[in-house]
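Beneath this line is the structure, given in structure tokens, with notes to follow.
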Protein chains: 2
Amino acid sequence: MNTPRLRADAAENRARIVEVARAVVASSDELKLNAIARQAGVGQGTLYRHFPTREDLLAEVYRHEVEELVEVAPVLLAEHDPVTALARWFDRVADYARVKRGVFAAVEVGVWQDLSAHSLGPIGDAMTALLEAGKATGAIRPDVDARDVILLIGYLTRLDEEEWDTRARHLLGVVLDGLRSRE
Amino acid sequence: MNTPRLRADAAENRARIVEVARAVVASSDELKLNAIARQAGVGQGTLYRHFPTREDLLAEVYRHEVEELVEVAPVLLAEHDPVTALARWFDRVADYARVKRGVFAAVEVGVWQDLSAHSLGPIGDAMTALLEAGKATGAIRPDVDARDVILLIGYLTRLDEEEWDTRARHLLGVVLDGLRSRE
DNA sequence: GATTATTGTGGACACGTGTCCGTTTATATA
DNA sequence: TATATAAACGGACACGTGTCCACAATAATC
């Protein structure tokens with residue numbers, strides 16, 4: 001399924017790149033592409049063919065985290081009303097984003113990829129599910145979509161450590177209010 | 001007042017850098033710092049001493065535009081109710097941001113500078129005035145400030161040309177709703 | 001196993017950013 | 001005008017990004 005013919009050595013290299021990247025990110029949250037290539041014992045070109053942009057690599061590195069976010073969405077919807085579920089989900093995103101800034105980039109690329117295709121990818125679908133549930137009950141305004149939400153909460157990436165505490169959660173609340181229907 | 005001793009040649013160089021930068025930005029909206037230095041006939045070091053970051057240079061390049069935004073705020077407040085005034089002001093910002101992406105960076109640096117000092121700078125004051133007016137009538141929630149607004153509308157810089165039309169204005173509306181008091 | 005088309009490789013290269021520091025130049029003083 | 005000193009200069013340098021392409025390895029075919 002996800003092997004549309006991949007040469008053996010290519011797969012090895014790819015795996016090694018991801019492995020090294022994960023290790024580097026885990027210990028420093030930094031990601032210097034050329035350093036990854038060197039440590040993985042491959043050339044720059046090889047790295048860039050496997051992962052054309054830094055975001056593509058981050059998406060792979062943080063795939064587990066993103067999958068967790070995808071999976072928790074329906075759980076939250078089952079337990080709470082749609083707006084609360086969305087709020088809780090925002091909290092999860094913020095938790096990840098705070099510790100590992102790269103997670104948000106991974107989420108971002110997940111929603112942005114396939115702009116041409118109609119698919120949003122799993123993460124986009126998860127966000128869409130949350131929004132649609134809210135629209136169905138009339139709690140969320142009908143004219144917003146997953147991309148809108150990504151754009152609005154993107155400020156999380158530009159917040160530094162010290163402003164995080166005072167602004168991150170607070171502004172998620174403001175955004176949430178903006179997403180609600182005005183009765 | 002703004003000349004705490006500045007050597008003659010330094011002033012000349014500074015002026016020439018800004019002049020060149022303005023010309024370059026006007027014709028392409030791009031700003032390659034080393035190219036500016038070369039065209040202005042100064043070394044890289046000189047450019048970086050006058051403008052430590054690219055944003056500082058942008059702030060100077062777009063000073064007129066930013067001043068216009070500062071001045072229009074009280075006018076809008078005189079003509080409209082606070083929320084409408086804020087909405088109109090957002091429109092102005094969006095107009096600038098669309099044509100010249102750098103304007104928003106200039107606004108951003110204007111509000112962010114002097115984080116240590118309590119002053120927000122003129123642009124921050126203008127935004128604050130709009131927000132305070134709204135808080136006074138109860139239309140705007142009391143727990144938001146100028147920095148919050150900058151963070152929220154920062155998505156404008158990450159929007160490309162084709163998504164602009166469908167999302168920029170629309171999301172400004174969403175943000176505005178988030179800023180309103182929930183009655 | 002040899003041949004061949006194709007896929008993948010890797011490192012040199014061009015570019016932009018930002019820093020550092022030895023040298024130059026303006027200005028105050030005499 | 002000569003001198004001292006502090007301010008300003010400028011370009012070399014180190015670094016990270018991303019591209020390009022001659023070459024090498026693989027896997028399919030005979």
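Residues in the structure tokens are named by chain (A, B, ... in the order shown) and by number from 1 within that chain; ligands are numbered from 1 in the order shown.
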> What residues in chain B lie within 8 Å of chain C, counting only C-alpha atoms (C1' of nucleotides), written as JSON, numbers by chain?
Replying inline: {"B": [7, 8, 9, 32, 34]}
Compile a residue-level contact table for chain B against chain A at a cut-off of 9 Å, reporting for every qualifying residue the shortest atom pair and its distance in Å to one decimal, with only C-alpha atoms counted, rows ordered by chain and ascending number, as CSV.
residue,atom,partner,partner_atom,distance
B:Asp143,CA,A:His170,CA,8.8
B:Val144,CA,A:Leu171,CA,8.5
B:Asp148,CA,A:Leu171,CA,7.1
B:Leu151,CA,A:Tyr155,CA,5.5
B:Leu152,CA,A:Leu152,CA,6.3
B:Ile153,CA,A:Leu152,CA,7.6
B:Gly154,CA,A:Tyr155,CA,6.9
B:Tyr155,CA,A:Leu151,CA,5.5
B:Leu156,CA,A:Leu151,CA,8.5
B:Arg158,CA,A:Leu151,CA,7.9
B:Leu159,CA,A:Leu151,CA,8.3
B:Arg167,CA,A:Asp148,CA,7.3
B:His170,CA,A:Asp143,CA,8.8
B:Leu171,CA,A:Asp148,CA,7.1
B:Gly173,CA,A:Gly178,CA,8.2
B:Val174,CA,A:Gly178,CA,4.9
B:Val175,CA,A:Gly178,CA,5.6
B:Leu176,CA,A:Gly178,CA,7.1
B:Asp177,CA,A:Gly178,CA,4.8
B:Gly178,CA,A:Gly178,CA,3.6
B:Leu179,CA,A:Val174,CA,6.4
B:Arg180,CA,A:Gly178,CA,8.5
B:Arg182,CA,A:Asp177,CA,8.1
>> Using only C-alpha atoms (C1' of nucleotides) and a distance of at most 12 Å, pull out the residues of chain D that contact chain B, as number ranges by chain.
In response: D: 6-12
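The smallest atom-to-atom distance between Trp112 in chain A and any of A:Ala129, A:Ile140, A:Val83, A:Ala146, using only C-alpha atoms, is found for A:Ala146.
Straight-line separation from CA of Ala106 in chain B to CA of Val66 in chain B: 7.3 Å.
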> chain A: which residues are alpha helix (DSSP H) by DSSP, as an MDAnalysis selection string?
Replying inline: chainID A and resid 8:28 33:40 44:50 54:61 63:79 82:99 101:112 121:137 146:153 161:179
>> For Gly124 in chain A, find every residue with an atom within 8 Å (counting only C-alpha atoms (C1' of nucleotides)), except residues of its own chain fewer than 2 positions away, and show them as a ChimeraX atom specification.
In response: /A:110-111,120-122,126-128,146-147
> Counting only C-alpha atoms (C1' of nucleotides), what is within 7 Å of range 88-105 of chain B, bar same-chain residues fewer than 4 positions away, as a PyMOL selection string?
Replying inline: chain B and resi 29+55+58+62+73+84+109+157
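Our summary of the geometry notes that CA of Ala87 in chain A is positioned 9.8 Å from CA of Leu130 in chain A.
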